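Student: So here's entry_39.cif (mmCIF, C-alpha atoms).
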```cif
data_coords
loop_
_atom_site.group_PDB
_atom_site.id
_atom_site.type_symbol
_atom_site.label_atom_id
_atom_site.label_comp_id
_atom_site.auth_asym_id
_atom_site.auth_seq_id
_atom_site.Cartn_x
_atom_site.Cartn_y
_atom_site.Cartn_z
ATOM 1 C CA MET A 30 -17.565 -13.106 -14.441
ATOM 2 C CA ARG A 31 -16.722 -9.444 -14.661
ATOM 3 C CA THR A 32 -13.035 -8.952 -13.886
ATOM 4 C CA LEU A 33 -11.261 -5.764 -12.914
ATOM 5 C CA GLY A 34 -7.614 -5.914 -13.962
ATOM 6 C CA ILE A 35 -5.291 -3.457 -12.253
ATOM 7 C CA ASP A 36 -1.785 -2.360 -13.202
ATOM 8 C CA PRO A 37 -0.787 -0.261 -10.170
ATOM 9 C CA GLY A 38 1.753 2.537 -10.206
ATOM 10 C CA THR A 39 2.217 5.651 -8.080
ATOM 11 C CA SER A 40 1.974 8.006 -11.059
ATOM 12 C CA ALA A 41 -0.310 5.988 -13.367
ATOM 13 C CA THR A 42 -2.576 3.099 -12.398
ATOM 14 C CA GLY A 43 -4.130 1.342 -15.365
ATOM 15 C CA TRP A 44 -7.455 -0.429 -14.997
ATOM 16 C CA GLY A 45 -9.510 -2.522 -17.368
ATOM 17 C CA ILE A 46 -12.755 -4.413 -17.067
ATOM 18 C CA VAL A 47 -13.422 -7.570 -19.037
ATOM 19 C CA GLU A 48 -16.554 -9.677 -18.990
ATOM 20 C CA GLY A 49 -16.061 -13.405 -19.478
ATOM 21 C CA GLU A 50 -19.115 -15.215 -20.859
ATOM 22 C CA GLY A 51 -18.543 -18.861 -21.662
ATOM 23 C CA ASN A 52 -15.659 -18.840 -24.105
ATOM 24 C CA ARG A 53 -16.184 -15.211 -25.060
ATOM 25 C CA VAL A 54 -14.428 -12.218 -23.583
ATOM 26 C CA ILE A 55 -15.982 -8.777 -23.871
ATOM 27 C CA HIS A 56 -14.289 -5.441 -23.353
ATOM 28 C CA VAL A 57 -16.300 -3.324 -20.914
ATOM 29 C CA ALA A 58 -14.128 -0.319 -20.102
ATOM 30 C CA HIS A 59 -10.608 0.780 -19.359
ATOM 31 C CA GLY A 60 -8.763 3.839 -18.168
ATOM 32 C CA THR A 61 -5.827 5.266 -16.294
ATOM 33 C CA ILE A 62 -5.824 6.916 -12.886
ATOM 34 C CA ARG A 63 -3.121 9.558 -12.796
ATOM 35 C CA THR A 64 -1.675 11.242 -9.750
ATOM 36 C CA ARG A 65 0.304 14.476 -9.635
ATOM 37 C CA ALA A 66 4.041 14.050 -9.170
ATOM 38 C CA ASP A 67 4.172 17.103 -6.919
ATOM 39 C CA ASP A 68 1.469 15.811 -4.578
ATOM 40 C CA PRO A 69 2.659 14.160 -1.354
ATOM 41 C CA LEU A 70 2.525 10.355 -1.282
ATOM 42 C CA PRO A 71 -0.565 10.074 0.977
ATOM 43 C CA ARG A 72 -2.605 12.211 -1.421
ATOM 44 C CA ARG A 73 -1.420 10.151 -4.392
ATOM 45 C CA LEU A 74 -2.337 6.877 -2.674
ATOM 46 C CA LEU A 75 -5.766 8.226 -1.764
ATOM 47 C CA GLY A 76 -6.155 9.268 -5.411
ATOM 48 C CA ILE A 77 -5.504 5.685 -6.552
ATOM 49 C CA PHE A 78 -7.818 4.303 -3.865
ATOM 50 C CA GLU A 79 -10.645 6.714 -4.661
ATOM 51 C CA GLY A 80 -10.209 6.337 -8.422
ATOM 52 C CA LEU A 81 -10.577 2.554 -8.169
ATOM 53 C CA ASN A 82 -13.490 2.929 -5.762
ATOM 54 C CA GLN A 83 -15.248 4.974 -8.432
ATOM 55 C CA VAL A 84 -14.447 2.460 -11.173
ATOM 56 C CA ILE A 85 -15.845 -0.365 -9.016
ATOM 57 C CA ALA A 86 -19.001 1.636 -8.175
ATOM 58 C CA GLU A 87 -19.575 2.379 -11.849
ATOM 59 C CA HIS A 88 -18.795 -0.986 -13.444
ATOM 60 C CA HIS A 89 -19.578 -3.524 -10.710
ATOM 61 C CA PRO A 90 -16.771 -6.048 -11.251
ATOM 62 C CA THR A 91 -17.066 -9.234 -9.185
ATOM 63 C CA VAL A 92 -13.377 -10.064 -8.932
ATOM 64 C CA ALA A 93 -10.049 -8.225 -9.182
ATOM 65 C CA ALA A 94 -6.715 -9.322 -10.646
ATOM 66 C CA VAL A 95 -3.376 -7.588 -10.068
ATOM 67 C CA GLU A 96 -0.001 -8.247 -11.593
ATOM 68 C CA ASP A 97 2.401 -9.726 -9.069
ATOM 69 C CA ILE A 98 5.809 -8.144 -9.441
ATOM 70 C CA PHE A 99 8.873 -9.833 -8.044
ATOM 71 C CA VAL A 100 11.483 -7.812 -9.793
ATOM 72 C CA SER A 101 12.049 -4.124 -9.803
ATOM 73 C CA ARG A 102 14.826 -1.795 -10.843
ATOM 74 C CA ASN A 103 15.775 -1.069 -7.267
ATOM 75 C CA VAL A 104 14.640 -1.044 -3.662
ATOM 76 C CA GLN A 105 13.250 2.493 -3.878
ATOM 77 C CA SER A 106 11.049 1.785 -6.897
ATOM 78 C CA ALA A 107 9.875 -1.491 -5.305
ATOM 79 C CA LEU A 108 8.831 0.396 -2.186
ATOM 80 C CA LYS A 109 6.906 2.938 -4.309
ATOM 81 C CA LEU A 110 5.215 0.220 -6.318
ATOM 82 C CA GLY A 111 4.313 -1.573 -3.092
ATOM 83 C CA HIS A 112 2.471 1.527 -1.867
ATOM 84 C CA ALA A 113 0.420 1.740 -5.046
ATOM 85 C CA ARG A 114 -0.371 -1.993 -5.008
ATOM 86 C CA GLY A 115 -1.372 -1.710 -1.362
ATOM 87 C CA ALA A 116 -3.798 1.107 -2.162
ATOM 88 C CA ALA A 117 -5.259 -0.863 -5.095
ATOM 89 C CA ILE A 118 -5.653 -4.087 -3.111
ATOM 90 C CA ILE A 119 -7.346 -2.235 -0.224
ATOM 91 C CA ALA A 120 -9.778 -0.595 -2.673
ATOM 92 C CA ALA A 121 -10.723 -3.977 -4.187
ATOM 93 C CA GLY A 122 -10.831 -5.750 -0.825
ATOM 94 C CA LEU A 123 -12.981 -3.126 0.901
ATOM 95 C CA ASN A 124 -15.459 -3.457 -1.965
ATOM 96 C CA GLY A 125 -15.652 -7.169 -1.277
ATOM 97 C CA LEU A 126 -13.850 -8.286 -4.441
ATOM 98 C CA PRO A 127 -11.628 -11.342 -4.117
ATOM 99 C CA VAL A 128 -8.172 -10.326 -5.338
ATOM 100 C CA PHE A 129 -6.037 -12.660 -7.456
ATOM 101 C CA GLU A 130 -2.386 -12.107 -8.226
ATOM 102 C CA TYR A 131 -0.586 -13.251 -11.376
ATOM 103 C CA ALA A 132 3.102 -13.069 -12.146
ATOM 104 C CA ALA A 133 3.941 -10.780 -15.081
ATOM 105 C CA LEU A 134 5.332 -13.793 -16.936
ATOM 106 C CA VAL A 135 2.035 -15.651 -16.572
ATOM 107 C CA VAL A 136 0.036 -12.620 -17.727
ATOM 108 C CA LYS A 137 2.127 -12.225 -20.874
ATOM 109 C CA LYS A 138 2.062 -15.921 -21.599
ATOM 110 C CA SER A 139 -1.711 -15.946 -21.386
ATOM 111 C CA VAL A 140 -2.270 -13.116 -23.881
ATOM 112 C CA VAL A 141 0.774 -13.355 -26.148
ATOM 113 C CA GLY A 142 1.819 -16.977 -25.597
ATOM 114 C CA TYR A 143 5.289 -15.870 -24.618
ATOM 115 C CA GLY A 144 6.454 -14.746 -21.154
ATOM 116 C CA ARG A 145 9.028 -12.249 -22.286
ATOM 117 C CA ALA A 146 6.899 -10.344 -24.792
ATOM 118 C CA GLU A 147 7.380 -6.596 -25.199
ATOM 119 C CA LYS A 148 4.693 -4.137 -24.123
ATOM 120 C CA PRO A 149 3.569 -3.120 -27.659
ATOM 121 C CA GLN A 150 2.940 -6.803 -28.418
ATOM 122 C CA VAL A 151 0.756 -7.088 -25.304
ATOM 123 C CA GLN A 152 -1.105 -3.941 -26.375
ATOM 124 C CA ALA A 153 -1.725 -5.329 -29.854
ATOM 125 C CA MET A 154 -2.916 -8.731 -28.617
ATOM 126 C CA VAL A 155 -5.217 -7.223 -26.002
ATOM 127 C CA ARG A 156 -6.746 -5.086 -28.725
ATOM 128 C CA MET A 157 -7.246 -8.128 -30.955
ATOM 129 C CA LEU A 158 -8.574 -10.489 -28.257
ATOM 130 C CA LEU A 159 -11.079 -7.873 -27.128
ATOM 131 C CA ALA A 160 -11.955 -6.658 -30.639
ATOM 132 C CA MET A 161 -11.230 -3.069 -29.701
ATOM 133 C CA GLY A 162 -11.245 -0.337 -32.371
ATOM 134 C CA ASP A 163 -8.134 1.293 -31.004
ATOM 135 C CA ALA A 164 -5.420 -0.113 -28.777
ATOM 136 C CA ALA A 165 -5.673 0.950 -25.138
ATOM 137 C CA PRO A 166 -2.845 3.065 -23.722
ATOM 138 C CA ARG A 167 -0.079 0.959 -22.160
ATOM 139 C CA ASP A 168 -1.096 0.996 -18.501
ATOM 140 C CA ALA A 169 -4.728 0.254 -19.339
ATOM 141 C CA ALA A 170 -3.665 -2.451 -21.841
ATOM 142 C CA ASP A 171 -1.587 -4.117 -19.128
ATOM 143 C CA ALA A 172 -4.593 -3.994 -16.808
ATOM 144 C CA LEU A 173 -6.841 -5.537 -19.472
ATOM 145 C CA ALA A 174 -4.180 -8.236 -19.975
ATOM 146 C CA VAL A 175 -4.288 -9.137 -16.267
ATOM 147 C CA ALA A 176 -8.083 -9.319 -16.420
ATOM 148 C CA LEU A 177 -7.883 -11.599 -19.493
ATOM 149 C CA CYS A 178 -5.290 -13.722 -17.723
ATOM 150 C CA HIS A 179 -7.587 -14.177 -14.743
ATOM 151 C CA ILE A 180 -10.522 -15.164 -16.948
ATOM 152 C CA HIS A 181 -8.366 -17.747 -18.750
ATOM 153 C CA HIS A 182 -7.145 -19.189 -15.475
ATOM 154 C CA ALA A 183 -10.548 -19.186 -13.833
ATOM 155 C CA GLN A 184 -11.765 -21.319 -16.757
ATOM 156 C CA THR A 185 -8.984 -23.806 -16.130
ATOM 157 C CA PRO A 186 -9.588 -24.862 -12.542
ATOM 158 C CA GLY A 187 -6.546 -25.401 -10.389
ATOM 159 C CA ARG A 188 -4.320 -23.103 -12.390
ATOM 160 C CA GLY A 189 -5.011 -19.676 -10.885
ATOM 161 C CA ARG A 190 -3.254 -18.597 -7.742
ATOM 162 C CA ALA A 191 -5.885 -17.291 -5.378
ATOM 163 C CA ALA A 192 -4.697 -14.543 -3.060
ATOM 164 C CA MET B 4 -1.939 17.614 19.361
ATOM 165 C CA ARG B 5 -2.693 13.917 19.552
ATOM 166 C CA THR B 6 -0.347 12.046 17.247
ATOM 167 C CA LEU B 7 -0.687 8.521 15.922
ATOM 168 C CA GLY B 8 2.723 7.055 15.191
ATOM 169 C CA ILE B 9 2.779 4.037 12.883
ATOM 170 C CA ASP B 10 5.528 1.497 12.263
ATOM 171 C CA PRO B 11 4.081 -0.508 9.357
ATOM 172 C CA GLY B 12 4.956 -4.099 8.530
ATOM 173 C CA THR B 13 3.085 -6.891 6.769
ATOM 174 C CA SER B 14 3.256 -9.216 9.770
ATOM 175 C CA ALA B 15 3.321 -6.694 12.627
ATOM 176 C CA THR B 16 2.287 -3.034 12.489
ATOM 177 C CA GLY B 17 3.115 -1.105 15.629
ATOM 178 C CA TRP B 18 1.056 1.913 16.616
ATOM 179 C CA GLY B 19 1.364 4.410 19.418
ATOM 180 C CA ILE B 20 -0.560 7.498 20.432
ATOM 181 C CA VAL B 21 1.119 10.420 22.133
ATOM 182 C CA GLU B 22 -0.515 13.631 23.286
ATOM 183 C CA GLY B 23 1.645 16.740 23.103
ATOM 184 C CA GLU B 24 0.596 19.511 25.468
ATOM 185 C CA GLY B 25 2.906 22.493 25.558
ATOM 186 C CA ASN B 26 6.282 21.036 26.431
ATOM 187 C CA ARG B 27 4.798 17.851 27.910
ATOM 188 C CA VAL B 28 4.291 14.574 26.112
ATOM 189 C CA ILE B 29 1.777 12.089 27.453
ATOM 190 C CA HIS B 30 1.498 8.416 26.591
ATOM 191 C CA VAL B 31 -2.058 7.590 25.537
ATOM 192 C CA ALA B 32 -1.955 4.067 24.168
ATOM 193 C CA HIS B 33 0.046 1.670 22.029
ATOM 194 C CA GLY B 34 -0.304 -1.730 20.477
ATOM 195 C CA THR B 35 0.586 -4.041 17.635
ATOM 196 C CA ILE B 36 -1.636 -5.194 14.792
ATOM 197 C CA ARG B 37 -0.626 -8.690 13.780
ATOM 198 C CA THR B 38 -1.552 -10.495 10.592
ATOM 199 C CA ARG B 39 -1.385 -14.224 9.926
ATOM 200 C CA ALA B 40 1.547 -15.323 7.792
ATOM 201 C CA ASP B 41 -0.638 -17.916 6.052
ATOM 202 C CA ASP B 42 -3.306 -15.403 5.062
ATOM 203 C CA PRO B 43 -3.153 -14.066 1.499
ATOM 204 C CA LEU B 44 -1.700 -10.565 1.098
ATOM 205 C CA PRO B 45 -5.049 -8.779 0.471
ATOM 206 C CA ARG B 46 -6.454 -10.123 3.743
ATOM 207 C CA ARG B 47 -3.331 -9.071 5.623
ATOM 208 C CA LEU B 48 -3.467 -5.545 4.174
ATOM 209 C CA LEU B 49 -7.151 -5.258 5.054
ATOM 210 C CA GLY B 50 -6.253 -6.418 8.572
ATOM 211 C CA ILE B 51 -3.733 -3.560 8.907
ATOM 212 C CA PHE B 52 -6.203 -1.082 7.423
ATOM 213 C CA GLU B 53 -9.073 -2.172 9.661
ATOM 214 C CA GLY B 54 -6.888 -2.401 12.760
ATOM 215 C CA LEU B 55 -5.732 1.202 12.302
ATOM 216 C CA ASN B 56 -9.279 2.315 11.529
ATOM 217 C CA GLN B 57 -10.299 0.910 14.888
ATOM 218 C CA VAL B 58 -7.387 2.589 16.700
ATOM 219 C CA ILE B 59 -8.310 5.943 15.122
ATOM 220 C CA ALA B 60 -12.002 5.525 16.008
ATOM 221 C CA GLU B 61 -11.107 4.699 19.592
ATOM 222 C CA HIS B 62 -8.386 7.265 20.303
ATOM 223 C CA HIS B 63 -9.209 10.185 17.952
ATOM 224 C CA PRO B 64 -5.696 11.241 16.920
ATOM 225 C CA THR B 65 -5.539 14.447 14.870
ATOM 226 C CA VAL B 66 -2.397 13.697 12.890
ATOM 227 C CA ALA B 67 -0.412 10.640 11.821
ATOM 228 C CA ALA B 68 3.334 10.097 11.485
ATOM 229 C CA VAL B 69 5.002 7.216 9.658
ATOM 230 C CA GLU B 70 8.624 6.233 9.405
ATOM 231 C CA ASP B 71 9.968 6.826 5.931
ATOM 232 C CA ILE B 72 12.187 3.964 4.880
ATOM 233 C CA PHE B 73 14.656 4.362 2.080
ATOM 234 C CA VAL B 74 16.713 1.286 2.662
ATOM 235 C CA SER B 75 15.648 -2.303 2.813
ATOM 236 C CA ARG B 76 17.353 -5.644 2.753
ATOM 237 C CA ASN B 77 16.182 -6.322 -0.777
ATOM 238 C CA VAL B 78 13.638 -5.517 -3.451
ATOM 239 C CA GLN B 79 11.204 -8.162 -2.247
ATOM 240 C CA SER B 80 11.115 -6.909 1.331
ATOM 241 C CA ALA B 81 10.832 -3.295 0.105
ATOM 242 C CA LEU B 82 7.801 -4.267 -1.982
ATOM 243 C CA LYS B 83 6.205 -5.984 1.036
ATOM 244 C CA LEU B 84 6.886 -3.034 3.291
ATOM 245 C CA GLY B 85 5.460 -0.697 0.664
ATOM 246 C CA HIS B 86 2.170 -2.632 0.723
ATOM 247 C CA ALA B 87 1.898 -2.294 4.492
ATOM 248 C CA ARG B 88 2.794 1.408 4.428
ATOM 249 C CA GLY B 89 0.235 1.956 1.662
ATOM 250 C CA ALA B 90 -2.490 0.321 3.767
ATOM 251 C CA ALA B 91 -1.506 2.402 6.815
ATOM 252 C CA ILE B 92 -1.391 5.682 4.906
ATOM 253 C CA ILE B 93 -4.786 5.009 3.309
ATOM 254 C CA ALA B 94 -6.286 4.292 6.747
ATOM 255 C CA ALA B 95 -4.946 7.572 8.148
ATOM 256 C CA GLY B 96 -5.815 9.591 5.040
ATOM 257 C CA LEU B 97 -9.377 8.264 4.751
ATOM 258 C CA ASN B 98 -9.923 9.300 8.365
ATOM 259 C CA GLY B 99 -8.862 12.815 7.460
ATOM 260 C CA LEU B 100 -5.537 12.753 9.316
ATOM 261 C CA PRO B 101 -2.662 14.625 7.703
ATOM 262 C CA VAL B 102 0.205 12.155 7.337
ATOM 263 C CA PHE B 103 3.799 13.164 8.007
ATOM 264 C CA GLU B 104 6.827 11.056 7.091
ATOM 265 C CA TYR B 105 10.124 11.038 8.947
ATOM 266 C CA ALA B 106 13.305 9.266 7.969
ATOM 267 C CA ALA B 107 14.370 6.548 10.451
ATOM 268 C CA LEU B 108 17.548 8.499 11.138
ATOM 269 C CA VAL B 109 15.561 11.586 12.092
ATOM 270 C CA VAL B 110 13.242 9.558 14.346
ATOM 271 C CA LYS B 111 16.161 8.011 16.232
ATOM 272 C CA LYS B 112 17.956 11.313 16.505
ATOM 273 C CA SER B 113 14.895 12.920 18.015
ATOM 274 C CA VAL B 114 14.396 10.324 20.769
ATOM 275 C CA VAL B 115 17.938 9.056 21.374
ATOM 276 C CA GLY B 116 19.995 11.949 20.036
ATOM 277 C CA TYR B 117 21.847 9.615 17.721
ATOM 278 C CA GLY B 118 20.726 8.488 14.268
ATOM 279 C CA ARG B 119 22.233 5.025 14.355
ATOM 280 C CA ALA B 120 20.908 3.927 17.737
ATOM 281 C CA GLU B 121 19.929 0.295 18.286
ATOM 282 C CA LYS B 122 16.313 -0.707 18.819
ATOM 283 C CA PRO B 123 16.630 -1.505 22.563
ATOM 284 C CA GLN B 124 17.982 1.996 23.134
ATOM 285 C CA VAL B 125 14.966 3.488 21.334
ATOM 286 C CA GLN B 126 12.675 1.281 23.451
ATOM 287 C CA ALA B 127 14.336 2.449 26.674
ATOM 288 C CA MET B 128 14.249 6.142 25.765
ATOM 289 C CA VAL B 129 10.619 6.000 24.622
ATOM 290 C CA ARG B 130 9.756 4.419 27.964
ATOM 291 C CA MET B 131 11.627 7.154 29.843
ATOM 292 C CA LEU B 132 10.332 10.108 27.784
ATOM 293 C CA LEU B 133 6.766 8.899 28.197
ATOM 294 C CA ALA B 134 7.165 7.812 31.836
ATOM 295 C CA MET B 135 5.820 4.353 31.063
ATOM 296 C CA GLY B 136 5.893 1.644 33.728
ATOM 297 C CA ASP B 137 7.040 -1.016 31.274
ATOM 298 C CA ALA B 138 8.774 -0.620 27.950
ATOM 299 C CA ALA B 139 6.485 -1.116 24.945
ATOM 300 C CA PRO B 140 7.212 -4.055 22.645
ATOM 301 C CA ARG B 141 9.544 -3.129 19.804
ATOM 302 C CA ASP B 142 7.077 -2.367 17.016
ATOM 303 C CA ALA B 143 4.905 -0.272 19.310
ATOM 304 C CA ALA B 144 7.985 1.473 20.773
ATOM 305 C CA ASP B 145 9.092 2.399 17.247
ATOM 306 C CA ALA B 146 5.612 3.772 16.565
ATOM 307 C CA LEU B 147 5.689 5.833 19.766
ATOM 308 C CA ALA B 148 9.129 7.109 18.722
ATOM 309 C CA VAL B 149 7.729 8.352 15.388
ATOM 310 C CA ALA B 150 4.876 10.077 17.225
ATOM 311 C CA LEU B 151 7.368 11.736 19.608
ATOM 312 C CA CYS B 152 9.502 12.761 16.646
ATOM 313 C CA HIS B 153 6.517 14.427 14.995
ATOM 314 C CA ILE B 154 5.592 16.291 18.160
ATOM 315 C CA HIS B 155 9.181 17.571 18.512
ATOM 316 C CA HIS B 156 9.262 18.707 14.910
ATOM 317 C CA ALA B 157 5.827 20.279 14.998
ATOM 318 C CA GLN B 158 7.067 22.413 17.890
ATOM 319 C CA THR B 159 10.020 23.558 15.823
ATOM 320 C CA PRO B 160 8.318 25.122 12.776
ATOM 321 C CA GLY B 161 9.982 24.565 9.455
ATOM 322 C CA ARG B 162 11.708 21.351 10.485
ATOM 323 C CA GLY B 163 9.047 18.693 9.868
ATOM 324 C CA ARG B 164 8.582 17.300 6.425
ATOM 325 C CA ALA B 165 4.878 17.455 5.637
ATOM 326 C CA ALA B 166 3.633 14.749 3.344
#
```
Translate the structure described by the file into structure tokens.
Tutor:
Amino acid sequence: MRTLGIDPGTSATGWGIVEGEGNRVIHVAHGTIRTRADDPLPRRLLGIFEGLNQVIAEHHPTVAAVEDIFVSRNVQSALKLGHARGAAIIAAGLNGLPVFEYAALVVKKSVVGYGRAEKPQVQAMVRMLLAMGDAAPRDAADALAVALCHIHHAQTPGRGRAA
Amino acid sequence: MRTLGIDPGTSATGWGIVEGEGNRVIHVAHGTIRTRADDPLPRRLLGIFEGLNQVIAEHHPTVAAVEDIFVSRNVQSALKLGHARGAAIIAAGLNGLPVFEYAALVVKKSVVGYGRAEKPQVQAMVRMLLAMGDAAPRDAADALAVALCHIHHAQTPGRGRAA
């Protein structure tokens, strides 16, 4: 199972691809799709959509996993984040990938063992679990963490929350 | 100028198409794209995306206008609305339509002359301005109002807010 993890954001959308083979997990690729702050929202959303389209065309994931956010600093940032998640989910869905959503707490718990872990800890554990030479940048590390979380849950039937 | 107005929502997305010819506005079509509450979010977003795709293919609008919402009951509903708006904007953008955003206050002011008008008043004025036999349902009426708002602003250079 080749999983595309996505950490959506209007300015930076992290993505990471992890292959799960039996009880092994293999790092395939990761990256960050950036949009220009001075571009209008529609162009930024299309940038996220097209960036993920390209990632999917290149790496052929079979399933996508996105962090499910229930909290946000404020209404305005939630609305923004919603736009980016919408663009990401449409990109995965149009490419025929089933999309799974995992709460941030569940993602952290599955890679660090603790739901309230800090970002650098997630980065370090993702690097270790995937035997990466260097740690991935934060957004990409978060995306790899979601992918790892999905692989863990998919191996434990009945635990994942299909979307 | 044939304008597609969109009033996005996860459960109901209103759309309305208005043709602006000189100082005349002509009602072309309107409708509501509904998604099933028990479907997972990705399927609902794809439903909005595909519904709008179909509307665009059928009615060939040349520009899209979406209400820009800055307030929302709470973070969770803002996030939901953001998803729906993201799906709508991607549908318009992928079809090559420039997308314009108008604040709700501006939309109401342009059809009712008053920024804090109630929805039934918007419905009634949209019906009158477009010489429609029956009033459109609320979501579609709101979408027609955004289209009308764009046409008004496009005729007054320098007033619209391009996105």
Student: Please identify every residue of chain B that has at least one atom no more than 9 Å from any atom of chain A, counting all atoms listed in the file, and report them as an NGL selection string.
Tutor: :B and (42-46 or 48-49 or 52 or 72-90 or 92-93 or 95-97 or 101-103 or 165-166)
Student: Applying the PyMOL selection byres ((chain A and resi 39-52) around 6) to the file I just gave you, which residues come out? Please list them as a tab-separated table (two decimals) with C-alpha atoms, keeping the file's coordinate frame.
Tutor:
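Heads up, here's the output in expr_23.tsv:
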```tsv
chain	number	residue	atom	x	y	z
A	30	MET	CA	-17.57	-13.11	-14.44
A	31	ARG	CA	-16.72	-9.44	-14.66
A	32	THR	CA	-13.04	-8.95	-13.89
A	33	LEU	CA	-11.26	-5.76	-12.91
A	34	GLY	CA	-7.61	-5.91	-13.96
A	35	ILE	CA	-5.29	-3.46	-12.25
A	36	ASP	CA	-1.78	-2.36	-13.20
A	37	PRO	CA	-0.79	-0.26	-10.17
A	38	GLY	CA	1.75	2.54	-10.21
A	53	ARG	CA	-16.18	-15.21	-25.06
A	54	VAL	CA	-14.43	-12.22	-23.58
A	55	ILE	CA	-15.98	-8.78	-23.87
A	56	HIS	CA	-14.29	-5.44	-23.35
A	57	VAL	CA	-16.30	-3.32	-20.91
A	58	ALA	CA	-14.13	-0.32	-20.10
A	59	HIS	CA	-10.61	0.78	-19.36
A	60	GLY	CA	-8.76	3.84	-18.17
A	61	THR	CA	-5.83	5.27	-16.29
A	62	ILE	CA	-5.82	6.92	-12.89
A	63	ARG	CA	-3.12	9.56	-12.80
A	64	THR	CA	-1.68	11.24	-9.75
A	113	ALA	CA	0.42	1.74	-5.05
A	168	ASP	CA	-1.10	1.00	-18.50
A	169	ALA	CA	-4.73	0.25	-19.34
A	172	ALA	CA	-4.59	-3.99	-16.81
A	173	LEU	CA	-6.84	-5.54	-19.47
```
Student: Would you mind reading off the distance between atom CA of A:Lys137 and atom CA of A:Leu177, one decimal, in Å?
Tutor: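 Calculated distance between atom CA of A:Lys137 and atom CA of A:Leu177 is 10.1 Å.
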Student: Enter the distance from atom CA of A:Arg145 to atom CA of A:Ala132, in Å, rounded to one decimal.
Tutor: 11.8 Å
Student: Can you list what the PyMOL selection byres ((chain A and resi 152) around 9) grabs from this structure, as a PDB file with C-alpha atoms, in the frame of the given file?
Tutor:
```pdb
ATOM      1  CA  GLU A 147       7.380  -6.596 -25.199  1.00  0.00           C
ATOM      2  CA  LYS A 148       4.693  -4.137 -24.123  1.00  0.00           C
ATOM      3  CA  PRO A 149       3.569  -3.120 -27.659  1.00  0.00           C
ATOM      4  CA  GLN A 150       2.940  -6.803 -28.418  1.00  0.00           C
ATOM      5  CA  VAL A 151       0.756  -7.088 -25.304  1.00  0.00           C
ATOM      6  CA  ALA A 153      -1.725  -5.329 -29.854  1.00  0.00           C
ATOM      7  CA  MET A 154      -2.916  -8.731 -28.617  1.00  0.00           C
ATOM      8  CA  VAL A 155      -5.217  -7.223 -26.002  1.00  0.00           C
ATOM      9  CA  ARG A 156      -6.746  -5.086 -28.725  1.00  0.00           C
ATOM     10  CA  MET A 157      -7.246  -8.128 -30.955  1.00  0.00           C
ATOM     11  CA  ALA A 164      -5.420  -0.113 -28.777  1.00  0.00           C
ATOM     12  CA  ALA A 165      -5.673   0.950 -25.138  1.00  0.00           C
ATOM     13  CA  PRO A 166      -2.845   3.065 -23.722  1.00  0.00           C
ATOM     14  CA  ARG A 167      -0.079   0.959 -22.160  1.00  0.00           C
ATOM     15  CA  ALA A 169      -4.728   0.254 -19.339  1.00  0.00           C
ATOM     16  CA  ALA A 170      -3.665  -2.451 -21.841  1.00  0.00           C
ATOM     17  CA  ASP A 171      -1.587  -4.117 -19.128  1.00  0.00           C
ATOM     18  CA  ALA A 174      -4.180  -8.236 -19.975  1.00  0.00           C
TER      19      ALA A 174
END
```
Student: Give me the result of the PyMOL selection byres ((chain B and resi 108) around 9) on this file, residue by residue, as a list in words.
Tutor: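 On this input, the PyMOL selection byres ((chain B and resi 108) around 9) captures Tyr105, Ala106, Ala107, Val109, Val110, Lys111, Lys112, Ser113, Tyr117, Gly118, Arg119 and Ala120 of chain B.
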Student: If I take atom CA of B:Ile59 and atom CA of B:Ala157, how far is one from the other in Å, to one decimal?
Tutor: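 Here the two named atoms are 20.1 Å from each other.
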Student: What would stretch 135-141 of chain B look like with N, CA, C and O atoms restored, written as a PDB file, in the coordinates of the input?
Tutor:
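Produced file part19.pdb, reproduced below:
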```
ATOM      1  N   MET B 135       6.624   5.571  31.083  1.00  0.00           N
ATOM      2  CA  MET B 135       5.820   4.353  31.063  1.00  0.00           C
ATOM      3  C   MET B 135       6.369   3.354  32.091  1.00  0.00           C
ATOM      4  O   MET B 135       7.587   3.228  32.247  1.00  0.00           O
ATOM      5  N   GLY B 136       5.482   2.648  32.755  1.00  0.00           N
ATOM      6  CA  GLY B 136       5.893   1.644  33.728  1.00  0.00           C
ATOM      7  C   GLY B 136       6.752   0.568  33.091  1.00  0.00           C
ATOM      8  O   GLY B 136       7.846   0.249  33.562  1.00  0.00           O
ATOM      9  N   ASP B 137       6.273   0.002  31.998  1.00  0.00           N
ATOM     10  CA  ASP B 137       7.040  -1.016  31.274  1.00  0.00           C
ATOM     11  C   ASP B 137       7.359  -0.495  29.887  1.00  0.00           C
ATOM     12  O   ASP B 137       6.625   0.320  29.335  1.00  0.00           O
ATOM     13  N   ALA B 138       8.443  -0.993  29.330  1.00  0.00           N
ATOM     14  CA  ALA B 138       8.774  -0.620  27.950  1.00  0.00           C
ATOM     15  C   ALA B 138       7.741  -1.249  27.023  1.00  0.00           C
ATOM     16  O   ALA B 138       7.247  -2.354  27.279  1.00  0.00           O
ATOM     17  N   ALA B 139       7.399  -0.557  25.941  1.00  0.00           N
ATOM     18  CA  ALA B 139       6.485  -1.116  24.945  1.00  0.00           C
ATOM     19  C   ALA B 139       7.239  -2.141  24.114  1.00  0.00           C
ATOM     20  O   ALA B 139       8.462  -2.059  23.986  1.00  0.00           O
ATOM     21  N   PRO B 140       6.540  -3.130  23.569  1.00  0.00           N
ATOM     22  CA  PRO B 140       7.212  -4.055  22.645  1.00  0.00           C
ATOM     23  C   PRO B 140       7.820  -3.269  21.482  1.00  0.00           C
ATOM     24  O   PRO B 140       7.387  -2.150  21.204  1.00  0.00           O
ATOM     25  N   ARG B 141       8.758  -3.868  20.801  1.00  0.00           N
ATOM     26  CA  ARG B 141       9.544  -3.129  19.804  1.00  0.00           C
ATOM     27  C   ARG B 141       8.751  -2.362  18.753  1.00  0.00           C
ATOM     28  O   ARG B 141       8.992  -1.190  18.531  1.00  0.00           O
TER      29      ARG B 141
END
```
